[in-house]
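File shown here: input17.csv, holding CSV, C-alpha atoms and all ligand atoms.
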chain,number,residue,atom,x,y,z
A,1,MET,CA,65.3,5.2,12.4
A,2,SER,CA,61.6,4.9,13.2
A,3,LYS,CA,60.0,1.5,12.5
A,4,ILE,CA,56.7,1.6,10.8
A,5,LEU,CA,54.2,-1.3,10.5
A,6,VAL,CA,52.4,-1.3,7.2
A,7,THR,CA,49.3,-3.5,7.3
A,8,GLY,CA,48.1,-4.4,3.9
A,9,GLY,CA,51.6,-3.5,2.6
A,10,THR,CA,51.6,-5.9,-0.3
A,11,GLY,CA,48.3,-4.3,-1.6
A,12,TYR,CA,47.9,-1.5,-4.1
A,13,ILE,CA,48.3,1.6,-2.0
A,14,GLY,CA,50.3,-0.1,0.7
A,15,SER,CA,53.1,-1.3,-1.6
A,16,HIS,CA,53.5,2.2,-3.0
A,17,THR,CA,53.6,3.6,0.5
A,18,VAL,CA,56.3,1.1,1.5
A,19,VAL,CA,58.5,2.5,-1.3
A,20,GLU,CA,58.0,6.1,-0.1
A,21,LEU,CA,58.6,5.3,3.5
A,22,HIS,CA,61.8,3.6,2.6
A,23,ASN,CA,62.8,6.6,0.4
A,24,ALA,CA,62.1,8.9,3.4
A,25,GLY,CA,64.5,6.8,5.6
A,26,TYR,CA,61.9,4.8,7.6
A,27,GLU,CA,62.3,1.1,8.5
A,28,VAL,CA,59.3,-0.9,7.4
A,29,ILE,CA,57.7,-4.1,8.4
A,30,ILE,CA,54.8,-5.4,6.4
A,31,VAL,CA,51.9,-7.5,7.6
A,32,ASP,CA,49.4,-8.9,5.1
A,33,ASP,CA,47.4,-12.1,4.8
A,34,LEU,CA,47.7,-12.0,1.0
A,35,SER,CA,43.9,-12.3,0.7
A,36,ASN,CA,44.0,-9.6,-2.0
A,37,SER,CA,47.6,-9.4,-3.0
A,38,LYS,CA,50.6,-11.5,-4.1
A,39,ILE,CA,53.7,-12.4,-2.2
A,40,GLU,CA,55.7,-11.6,-5.4
A,41,ILE,CA,55.1,-7.9,-4.6
A,42,LEU,CA,58.0,-8.3,-2.1
A,43,ASP,CA,60.3,-9.2,-5.0
A,44,GLN,CA,59.0,-6.2,-6.9
A,45,LEU,CA,59.6,-3.9,-4.0
A,46,GLU,CA,63.2,-5.2,-3.8
A,47,LYS,CA,63.7,-4.4,-7.4
A,48,ILE,CA,62.6,-0.8,-6.9
A,49,THR,CA,64.3,-0.1,-3.6
A,50,GLY,CA,67.1,-2.7,-3.3
A,51,LYS,CA,65.6,-3.7,0.1
A,52,ARG,CA,64.0,-7.0,1.1
A,53,PHE,CA,61.3,-5.8,3.5
A,54,ASP,CA,60.5,-7.7,6.6
A,55,PHE,CA,57.1,-9.5,6.1
A,56,GLU,CA,54.8,-11.5,8.2
A,57,LYS,CA,51.7,-13.3,6.8
A,58,ILE,CA,49.1,-12.7,9.5
A,59,ASP,CA,45.3,-12.4,9.3
A,60,LEU,CA,44.7,-9.4,11.5
A,61,GLN,CA,41.3,-10.8,12.4
A,62,ASP,CA,43.2,-13.3,14.6
A,63,ALA,CA,43.5,-11.5,17.9
A,64,THR,CA,46.2,-13.9,19.3
A,65,ALA,CA,48.4,-13.6,16.3
A,66,VAL,CA,48.2,-9.8,16.5
A,67,GLU,CA,49.0,-9.9,20.2
A,68,ASN,CA,52.0,-12.1,19.6
A,69,PHE,CA,53.2,-9.9,16.8
A,70,ALA,CA,52.9,-6.8,18.9
A,71,LYS,CA,54.9,-8.5,21.8
A,72,ALA,CA,57.7,-9.5,19.4
A,73,ASN,CA,57.8,-6.0,17.8
A,74,LYS,CA,57.9,-3.5,20.6
A,75,ASP,CA,60.1,-1.1,18.6
A,76,ILE,CA,57.3,-0.2,16.2
A,77,SER,CA,56.6,3.5,16.6
A,78,GLY,CA,53.9,3.9,13.9
A,79,ILE,CA,51.2,1.9,12.1
A,80,ILE,CA,49.8,2.6,8.7
A,81,HIS,CA,46.7,0.5,8.6
A,82,PHE,CA,45.6,-0.3,5.0
A,83,ALA,CA,44.5,-3.9,5.5
A,84,ALA,CA,40.7,-4.1,4.9
A,85,PHE,CA,38.3,-5.4,2.3
A,86,LYS,CA,37.3,-2.7,-0.2
A,87,ALA,CA,34.9,-4.0,-2.8
A,88,VAL,CA,31.7,-1.9,-2.4
A,89,GLY,CA,29.4,-4.3,-4.4
A,90,GLU,CA,30.7,-7.4,-2.5
A,91,SER,CA,30.1,-5.6,0.8
A,92,VAL,CA,26.4,-5.3,-0.1
A,93,GLU,CA,26.2,-9.1,-0.8
A,94,GLN,CA,28.3,-10.2,2.2
A,95,PRO,CA,28.1,-7.5,4.9
A,96,LEU,CA,29.4,-9.7,7.7
A,97,LYS,CA,32.6,-10.5,5.8
A,98,TYR,CA,33.3,-6.7,5.7
A,99,TYR,CA,32.2,-5.9,9.2
A,100,LYS,CA,34.3,-8.8,10.6
A,101,ASN,CA,37.5,-8.0,8.7
A,102,ASN,CA,37.4,-4.2,8.8
A,103,PHE,CA,36.4,-3.9,12.4
A,104,PHE,CA,38.2,-6.9,14.0
A,105,SER,CA,41.5,-6.0,12.3
A,106,LEU,CA,41.3,-2.4,13.5
A,107,ILE,CA,40.2,-3.4,17.0
A,108,ASN,CA,42.9,-6.1,17.4
A,109,LEU,CA,45.6,-3.6,16.4
A,110,LEU,CA,44.4,-0.9,18.8
A,111,THR,CA,44.1,-3.5,21.6
A,112,SER,CA,47.6,-5.0,21.1
A,113,PHE,CA,49.4,-1.7,20.4
A,114,ASN,CA,47.6,0.2,23.1
A,115,LYS,CA,50.2,2.8,24.1
A,116,LYS,CA,52.5,5.3,22.5
A,117,ILE,CA,51.7,4.6,18.9
A,118,ASN,CA,51.2,6.8,15.9
A,119,PHE,CA,48.4,5.5,13.8
A,120,VAL,CA,47.4,6.4,10.2
A,121,PHE,CA,44.1,5.1,9.0
A,122,SER,CA,42.9,4.6,5.4
A,123,SER,CA,39.5,6.3,5.2
A,124,SER,CA,37.6,7.3,2.2
A,125,CYS,CA,35.7,10.2,0.6
A,126,THR,CA,32.8,7.8,0.5
A,127,VAL,CA,32.0,9.1,4.1
A,128,TYR,CA,30.7,12.3,2.5
A,129,GLY,CA,28.2,10.6,0.2
A,130,GLN,CA,27.0,13.3,-2.2
A,131,PRO,CA,28.3,16.5,-0.5
A,132,ASP,CA,26.0,19.6,-0.4
A,133,THR,CA,28.9,21.9,-1.3
A,134,LEU,CA,31.9,21.4,-3.5
A,135,PRO,CA,34.9,21.2,-3.1
A,136,VAL,CA,34.1,19.2,0.0
A,137,THR,CA,36.0,20.1,3.2
A,138,GLU,CA,36.8,17.9,6.2
A,139,SER,CA,34.1,19.6,8.2
A,140,ALA,CA,31.3,18.6,5.8
A,141,PRO,CA,28.8,16.2,7.4
A,142,VAL,CA,29.3,12.5,7.2
A,143,LYS,CA,26.3,11.2,5.2
A,144,PRO,CA,24.5,7.8,5.8
A,145,ALA,CA,26.6,5.2,4.2
A,146,GLU,CA,25.6,3.7,0.9
A,147,SER,CA,27.1,0.3,1.6
A,148,PRO,CA,28.5,-1.8,4.4
A,149,TYR,CA,32.0,-1.0,3.1
A,150,GLY,CA,31.3,2.7,3.5
A,151,ASN,CA,29.8,2.1,6.9
A,152,THR,CA,33.0,0.4,8.0
A,153,LYS,CA,35.0,3.6,7.2
A,154,GLN,CA,32.5,5.8,9.1
A,155,VAL,CA,32.4,3.7,12.2
A,156,ALA,CA,36.2,3.0,12.1
A,157,GLU,CA,36.7,6.8,12.2
A,158,GLU,CA,34.5,6.9,15.3
A,159,ILE,CA,36.3,4.0,16.9
A,160,LEU,CA,39.6,5.8,16.4
A,161,LEU,CA,38.4,9.2,17.7
A,162,GLU,CA,37.0,7.6,20.8
A,163,THR,CA,40.0,5.4,21.4
A,164,ALA,CA,42.5,8.2,20.8
A,165,SER,CA,40.8,10.5,23.2
A,166,THR,CA,40.9,7.9,26.0
A,167,THR,CA,44.4,6.4,25.3
A,168,ASP,CA,47.3,8.6,26.3
A,169,GLY,CA,50.0,8.3,23.6
A,170,LEU,CA,47.7,7.1,20.8
A,171,LYS,CA,47.9,9.7,18.1
A,172,VAL,CA,45.7,9.2,15.0
A,173,ILE,CA,45.4,10.7,11.5
A,174,ALA,CA,42.6,9.4,9.3
A,175,LEU,CA,43.2,10.1,5.6
A,176,ARG,CA,40.1,10.4,3.4
A,177,TYR,CA,41.3,9.3,0.0
A,178,PHE,CA,39.5,10.4,-3.1
A,179,ASN,CA,40.0,8.1,-6.2
A,180,PRO,CA,43.5,6.5,-6.3
A,181,VAL,CA,44.7,5.5,-9.7
A,182,GLY,CA,48.0,5.0,-11.6
A,183,ALA,CA,51.1,3.0,-10.7
A,184,HIS,CA,54.8,3.4,-9.8
A,185,GLU,CA,56.9,5.1,-12.4
A,186,THR,CA,59.0,1.8,-12.8
A,187,ALA,CA,55.7,-0.1,-13.7
A,188,LEU,CA,56.9,-2.8,-11.3
A,189,ILE,CA,54.0,-2.3,-8.9
A,190,GLY,CA,50.4,-1.3,-9.5
A,191,GLU,CA,46.8,-2.3,-8.9
A,192,LEU,CA,46.0,-6.0,-9.2
A,193,PRO,CA,42.2,-6.3,-9.4
A,194,ILE,CA,40.8,-9.8,-9.0
A,195,GLY,CA,38.1,-10.6,-11.6
A,196,VAL,CA,36.3,-8.0,-13.5
A,197,PRO,CA,37.4,-4.5,-12.2
A,198,ALA,CA,34.6,-2.4,-10.7
A,199,ASN,CA,36.7,0.7,-10.8
A,200,LEU,CA,37.0,2.9,-13.9
A,201,VAL,CA,40.8,3.0,-14.6
A,202,PRO,CA,41.6,-0.7,-14.2
A,203,PHE,CA,38.6,-1.4,-16.4
A,204,ILE,CA,40.0,1.0,-19.0
A,205,THR,CA,43.4,-0.5,-19.0
A,206,GLN,CA,42.1,-4.1,-19.2
A,207,SER,CA,39.8,-3.1,-22.0
A,208,ALA,CA,42.6,-1.4,-23.9
A,209,ILE,CA,44.8,-4.5,-23.6
A,210,GLY,CA,42.0,-6.7,-24.9
A,211,LYS,CA,41.3,-8.5,-21.6
A,212,ARG,CA,37.8,-7.0,-21.5
A,213,GLY,CA,35.2,-5.7,-24.0
A,214,PRO,CA,34.3,-2.1,-24.5
A,215,ILE,CA,34.0,0.2,-21.5
A,216,THR,CA,30.5,1.1,-20.3
A,217,VAL,CA,30.2,4.7,-19.3
A,218,TYR,CA,27.7,4.6,-16.4
A,219,GLY,CA,25.3,7.4,-17.4
A,220,ASN,CA,25.7,10.5,-19.6
A,221,ASP,CA,22.6,12.3,-18.2
A,222,TYR,CA,24.1,13.6,-15.0
A,223,PRO,CA,23.9,17.4,-14.3
A,224,THR,CA,27.6,17.9,-15.2
A,225,PRO,CA,29.1,19.7,-18.2
A,226,ASP,CA,29.4,16.5,-20.4
A,227,GLY,CA,26.7,14.5,-18.6
A,228,SER,CA,29.1,11.9,-17.1
A,229,ALA,CA,29.9,11.7,-13.3
A,230,ILE,CA,32.8,13.6,-11.8
A,231,ARG,CA,35.5,12.3,-9.4
A,232,ASP,CA,38.8,13.6,-7.9
A,233,TYR,CA,41.4,11.1,-9.3
A,234,ILE,CA,44.7,11.1,-7.4
A,235,HIS,CA,48.0,9.4,-8.4
A,236,VAL,CA,48.8,6.6,-6.0
A,237,VAL,CA,52.4,7.8,-5.6
A,238,ASP,CA,51.1,11.2,-4.4
A,239,LEU,CA,48.7,9.4,-2.1
A,240,ALA,CA,51.6,7.2,-0.8
A,241,LYS,CA,53.6,10.4,0.0
A,242,ALA,CA,50.7,11.7,2.0
A,243,HIS,CA,51.2,8.8,4.4
A,244,VAL,CA,54.8,9.7,4.9
A,245,ALA,CA,53.7,13.3,5.6
A,246,ALA,CA,51.1,12.0,8.1
A,247,ILE,CA,53.7,9.9,9.9
A,248,LYS,CA,56.0,12.9,10.1
A,249,ARG,CA,53.3,15.1,11.5
A,250,LEU,CA,52.5,12.5,14.2
A,251,ASP,CA,56.2,12.1,15.0
A,252,THR,CA,56.4,15.8,15.9
A,253,ASN,CA,52.9,16.3,17.4
A,254,THR,CA,53.1,16.9,21.1
A,255,ASP,CA,49.4,16.5,21.7
A,256,THR,CA,49.5,12.9,23.0
A,257,ASP,CA,45.9,11.9,22.2
A,258,SER,CA,45.2,13.7,19.0
A,259,TYR,CA,42.8,12.7,16.3
A,260,GLU,CA,42.8,14.5,12.9
A,261,VAL,CA,41.2,14.0,9.5
A,262,PHE,CA,42.6,15.1,6.1
A,263,ASN,CA,41.3,15.0,2.6
A,264,ILE,CA,43.8,13.5,0.2
A,265,GLY,CA,42.9,14.3,-3.4
A,266,THR,CA,43.9,16.8,-6.1
A,267,GLY,CA,41.1,19.3,-5.5
A,268,LYS,CA,40.1,18.9,-9.2
A,269,GLY,CA,37.2,16.9,-10.6
A,270,SER,CA,37.3,15.0,-13.9
A,271,SER,CA,34.4,13.3,-15.7
A,272,VAL,CA,34.3,9.8,-16.9
A,273,LEU,CA,34.4,11.0,-20.5
A,274,GLU,CA,37.4,13.3,-19.7
A,275,ILE,CA,39.2,10.3,-18.2
A,276,ILE,CA,38.6,8.3,-21.4
A,277,ALA,CA,39.9,11.2,-23.6
A,278,ALA,CA,42.9,11.7,-21.3
A,279,PHE,CA,43.8,8.0,-21.5
A,280,GLU,CA,43.8,8.2,-25.3
A,281,ASN,CA,45.9,11.3,-25.3
A,282,SER,CA,48.5,10.2,-22.9
A,283,THR,CA,48.9,6.7,-24.3
A,284,GLY,CA,48.0,7.0,-27.9
A,285,VAL,CA,45.7,3.9,-27.4
A,286,LYS,CA,42.2,4.2,-28.8
A,287,LEU,CA,39.4,3.0,-26.5
A,288,ASN,CA,36.0,1.4,-27.3
A,289,TYR,CA,33.2,2.6,-25.1
A,290,THR,CA,29.4,2.7,-25.0
A,291,VAL,CA,27.1,4.7,-22.9
A,292,GLY,CA,25.0,2.7,-20.4
A,293,LYS,CA,22.6,3.4,-17.6
A,294,ARG,CA,23.7,5.1,-14.3
A,295,ARG,CA,25.2,2.6,-11.8
A,296,GLY,CA,23.1,2.2,-8.6
A,297,GLY,CA,24.6,4.0,-5.6
A,298,ASP,CA,26.8,6.3,-7.6
A,299,ILE,CA,27.0,10.0,-6.7
A,300,VAL,CA,27.0,12.7,-9.3
A,301,GLU,CA,30.1,14.7,-8.4
A,302,ILE,CA,32.8,14.9,-5.8
A,303,TYR,CA,36.2,16.6,-5.4
A,304,GLY,CA,38.0,17.6,-2.3
A,305,ASP,CA,39.1,20.8,-0.7
A,306,VAL,CA,42.7,19.9,0.0
A,307,SER,CA,43.9,23.1,1.6
A,308,LYS,CA,44.1,21.7,5.1
A,309,SER,CA,46.4,18.9,3.9
A,310,LYS,CA,48.6,21.4,2.0
A,311,GLU,CA,48.9,23.6,5.0
A,312,GLU,CA,49.1,21.2,7.9
A,313,LEU,CA,50.6,18.1,6.4
A,314,ASN,CA,52.9,20.2,4.2
A,315,TRP,CA,51.9,17.9,1.3
A,316,LYS,CA,50.7,18.5,-2.2
A,317,THR,CA,50.1,16.5,-5.3
A,318,GLU,CA,52.8,16.5,-8.0
A,319,LEU,CA,51.5,14.2,-10.7
A,320,ASP,CA,48.8,15.1,-13.2
A,321,LEU,CA,46.1,13.1,-14.9
A,322,ASN,CA,48.3,12.3,-17.9
A,323,GLU,CA,50.9,10.7,-15.6
A,324,MET,CA,48.1,8.8,-13.7
A,325,LEU,CA,46.9,7.2,-16.9
A,326,ARG,CA,50.3,6.7,-18.6
A,327,SER,CA,51.5,4.9,-15.5
A,328,ALA,CA,48.3,2.8,-15.2
A,329,TRP,CA,48.8,1.7,-18.8
A,330,ALA,CA,52.5,1.0,-18.4
A,331,TRP,CA,51.7,-1.3,-15.4
A,332,GLU,CA,48.9,-3.1,-17.4
A,333,GLU,CA,51.4,-3.8,-20.2
A,334,TYR,CA,54.0,-4.9,-17.7
A,335,ILE,CA,51.8,-7.3,-15.8
A,336,GLY,CA,50.4,-8.6,-19.1
A,337,LYS,CA,53.9,-9.7,-20.1
A,338,ASN,CA,55.1,-10.7,-16.6
A,339,PRO,CA,52.1,-12.2,-14.8
A,340,PHE,CA,52.5,-13.4,-11.2
B,1,LIG,P1,44.2,-3.7,-1.5
B,1,LIG,O1,43.1,-4.8,-1.4
B,1,LIG,O2,45.1,-3.7,-2.7
B,1,LIG,O3,45.1,-3.8,-0.2
B,1,LIG,C1,44.6,-4.2,1.0
B,1,LIG,C2,45.6,-5.3,1.5
B,1,LIG,O4,45.2,-5.7,2.8
B,1,LIG,C3,45.7,-6.5,0.6
B,1,LIG,O5,47.0,-6.8,0.3
B,1,LIG,C4,45.0,-7.6,1.5
B,1,LIG,O6,45.6,-8.9,1.2
B,1,LIG,C5,45.3,-7.1,2.9
B,1,LIG,N1,44.3,-7.6,3.9
B,1,LIG,C6,43.0,-7.5,3.8
B,1,LIG,N2,42.4,-8.1,5.0
B,1,LIG,C7,43.5,-8.4,5.8
B,1,LIG,C8,43.6,-9.0,7.0
B,1,LIG,N3,42.5,-9.4,7.7
B,1,LIG,N4,44.8,-9.3,7.5
B,1,LIG,C9,45.9,-8.9,6.8
B,1,LIG,N5,45.9,-8.4,5.6
B,1,LIG,C10,44.7,-8.1,5.1
B,1,LIG,O7,43.4,-2.3,-1.3
B,1,LIG,P2,44.0,-0.8,-1.5
B,1,LIG,O8,43.3,-0.3,-2.7
B,1,LIG,O9,45.4,-0.8,-1.4
B,1,LIG,O10,43.3,-0.1,-0.3
B,1,LIG,C11,44.0,0.0,0.9
B,1,LIG,C12,43.1,0.7,2.0
B,1,LIG,O11,42.7,2.0,1.4
B,1,LIG,C13,41.8,-0.1,2.3
B,1,LIG,O12,41.6,0.1,3.7
B,1,LIG,C14,40.8,0.6,1.5
B,1,LIG,O13,39.5,0.5,2.0
B,1,LIG,C15,41.2,2.0,1.5
B,1,LIG,N6,40.8,2.9,0.4
B,1,LIG,C16,41.0,2.4,-0.9
B,1,LIG,C17,40.5,3.2,-2.0
B,1,LIG,C18,40.7,2.7,-3.4
B,1,LIG,O14,40.0,3.2,-4.2
B,1,LIG,N7,41.6,1.8,-3.7
B,1,LIG,C19,39.9,4.4,-1.7
B,1,LIG,C20,39.7,4.8,-0.4
B,1,LIG,C21,40.1,4.0,0.7
B,2,LIG,C1,34.5,6.2,-11.0
B,2,LIG,C2,33.5,6.7,-12.0
B,2,LIG,C3,31.5,5.4,-12.3
B,2,LIG,C4,33.5,1.9,-14.0
B,2,LIG,C5,34.8,3.7,-5.5
B,2,LIG,C6,34.2,3.4,-4.1
B,2,LIG,C7,34.8,4.4,-3.2
B,2,LIG,C8,36.3,4.5,-3.2
B,2,LIG,C9,36.8,4.6,-4.6
B,2,LIG,C10,37.2,3.1,-1.5
B,2,LIG,C11,32.0,6.6,-11.5
B,2,LIG,C12,32.3,5.4,-13.5
B,2,LIG,C13,33.2,3.1,-13.5
B,2,LIG,C14,33.0,1.6,-15.3
B,2,LIG,C15,32.1,3.9,-15.4
B,2,LIG,N1,36.9,3.3,-2.7
B,2,LIG,N2,32.5,4.1,-14.1
B,2,LIG,N3,32.4,2.7,-16.0
B,2,LIG,O1,32.6,4.7,-7.6
B,2,LIG,O2,34.0,6.8,-7.4
B,2,LIG,O3,34.4,5.0,-5.9
B,2,LIG,O4,36.2,3.6,-5.5
B,2,LIG,O5,36.9,3.7,-0.5
B,2,LIG,O6,34.3,4.1,-1.9
B,2,LIG,O7,32.8,3.5,-4.2
B,2,LIG,O8,35.1,4.8,-8.3
B,2,LIG,O9,36.3,3.9,-10.2
B,2,LIG,O10,34.2,2.7,-9.5
B,2,LIG,O11,34.1,4.9,-10.6
B,2,LIG,O12,31.5,4.8,-16.1
B,2,LIG,O13,33.2,0.6,-15.9
B,2,LIG,O14,33.6,5.9,-13.2
B,2,LIG,O15,30.1,5.4,-12.5
B,2,LIG,O16,31.3,7.7,-12.0
B,2,LIG,P1,33.9,5.4,-7.3
B,2,LIG,P2,35.0,4.0,-9.6
Before we go any further, please render this structure as C-alpha cells.
Amino acid sequence: MSKILVTGGTGYIGSHTVVELHNAGYEVIIVDDLSNSKIEILDQLEKITGKRFDFEKIDLQDATAVENFAKANKDISGIIHFAAFKAVGESVEQPLKYYKNNFFSLINLLTSFNKKINFVFSSSCTVYGQPDTLPVTESAPVKPAESPYGNTKQVAEEILLETASTTDGLKVIALRYFNPVGAHETALIGELPIGVPANLVPFITQSAIGKRGPITVYGNDYPTPDGSAIRDYIHVVDLAKAHVAAIKRLDTNTDTDSYEVFNIGTGKGSSVLEIIAAFENSTGVKLNYTVGKRRGGDIVEIYGDVSKSKEELNWKTELDLNEMLRSAWAWEEYIGKNPF
C-alpha cells in the first residue's frame, strides 16, 4: 500500500482528500500546523472512515522540522501539498506572510524529499486572471497576478516545473482548482472559515443560519446574462477525487521527471444570482440579499475546459450544484449544533 503525505490534511480540501485516499486504499499521513484548521478534524475523519490517521503538527516553514520528518518517513511515495495561506485580501495586506509560508513550505518539502517522489500541488484558476477565451484551457496564458496570493501560485508552478525537470524521480502534477464548495455527504467535515467569510457559499450558509446579515451580491452590471459574475463551482468531494486520480497517474507514469497541469472544475459557469436561487431550491431556505458594488479585483467570468482531466486523469465530476449547496447547508447546520 502506497503511503501518501497530505500536507494541510486537516484543512477544507485536504480533509476531504484524506477520506478519498483512504477509500481508494492508500495509507495516509497528515502534516498540518493547525494555523487554519482544528485538531478535532481527526476525530471527524475517524467517524467517517473508522481510521485514526497518523498526524504530525509541523509548521512546514521550519526547514529542520521538515528534514527530520522526511528522514523518519522514508516510505512516503507521494505528497499532496495543500498547506498554504489562501486569503486573497489578507495577502494584499500582508504579502510577506504569504510569500514566506507558501514558498518556504514548498521549498522545504522539495529539498527534503528530493528524490523519487510523486508530488501533487494545489494550484488555482486564479493564474488565468480574466481569460481571453472561455472555457479556459490549460494552455491559456498565465496573466499577471492580481494579489500576492495569486502570485504565490504562479511562481510555485514555475518552481515545480524547474525542479521536476532537473530532479530525476520527481514527478509533478499541478491541479488548477476552480471554485471548491460543499461538504462531505455525512456533514461531518466541511469548510471552517475564520471570521467573516470572503467566499460566496460560506457567506450564504452563515447568512441563512443567522450568523451574518444579508448577502451582498457584488455587482449586477457585469456583461453576463443576469449581470452578476460567473464562476465554475465544483463539489469538494469531486475535487478530492481528482487528487486520487492524479496520484494514480503519477504512480503509473514512467517519465521520471514529468510536470503536468490540469484544470479541475465542472466546465460549467454559474452566476452569483443563480447560486442564490439554487441554494433556495435545494434547501428550501429563503435568503436575504442586496445588490452592492463590484468587488475590487474580481473578474467577470471564468469556467474551465476540463476535457484534458477527463481524458488523461480519467476523472470527471459527479455531483451537481444542488448537491454542492445542499451539503454546504447540512454542514453549516451540523457545525452550528456541534461547534469545535
Ligand atoms: P485550508 O486553509 O482549509 O487548508 C490549508 C491547511 O494548511 C490548513 O489546515 C492550515 O492549517 C495548513 N497550513 C497552512 N500553512 C501551513 C504550514 N506552514 N505548515 C503546516 N500546515 C499549514 O485551505 P483549503 O481551502 O483546503 O485550500 C487548500 C489548498 O488549495 C491551498 O493551497 C489553497 O491555496 C488551494 N486552493 C484553494 C481554493 C479554495 O477556494 N479553497 C482554490 C484554489 C486553490
Ligand atoms: C465568487 C463570486 C464574488 C462573496 C476566490 C479566490 C480564488 C480562489 C477561489 C484560491 C464572485 C461573488 C462573493 C459575497 C458576492 N481561491 N460574491 N458576495 O473570488 O471567484 O475566488 O476563491 O485559489 O483565488 O480569489 O470566489 O467565493 O470569493 O466569489 O457576490 O459575499 O461571488 O464577487 O463573483 P472568487 P468567491
- prompt: If you count all atoms listed in the file, which residues end up within 8 Å of ligand LIG 1 (chain B), as a PyMOL selection string?
  reply: chain A and resi 7-15+31-38+57-62+81-86+101-102+105+121-126+149+153+176-181+191-193+199
message: For a test of reading the model, state the distance in Å between atom CA of A:Glu311 and atom CA of A:Asp251, rounded to one decimal.
response: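 Separating atom CA of A:Glu311 from atom CA of A:Asp251 is a distance of 16.9 Å.
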message: Please compute the atom CA of A:Phe262-atom CA of A:Leu250 distance, one decimal, in Å.
response: 13.1 Å
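Ranking A:Leu42, A:Leu134, A:Ile76, A:Ile276 by their shortest atom-to-atom distance to A:Ser207, with only C-alpha atoms included, puts A:Ile276 first.
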query: If you count only C-alpha atoms and all ligand atoms, which residues end up within 9 Å of ligand LIG 2 (chain B), as an NGL selection string?
result: :A and (86-89 or 122-127 or 146-147 or 149-150 or 153 or 176-181 or 197-204 or 215-220 or 228-233 or 271-273 or 275 or 291-292 or 294-302)
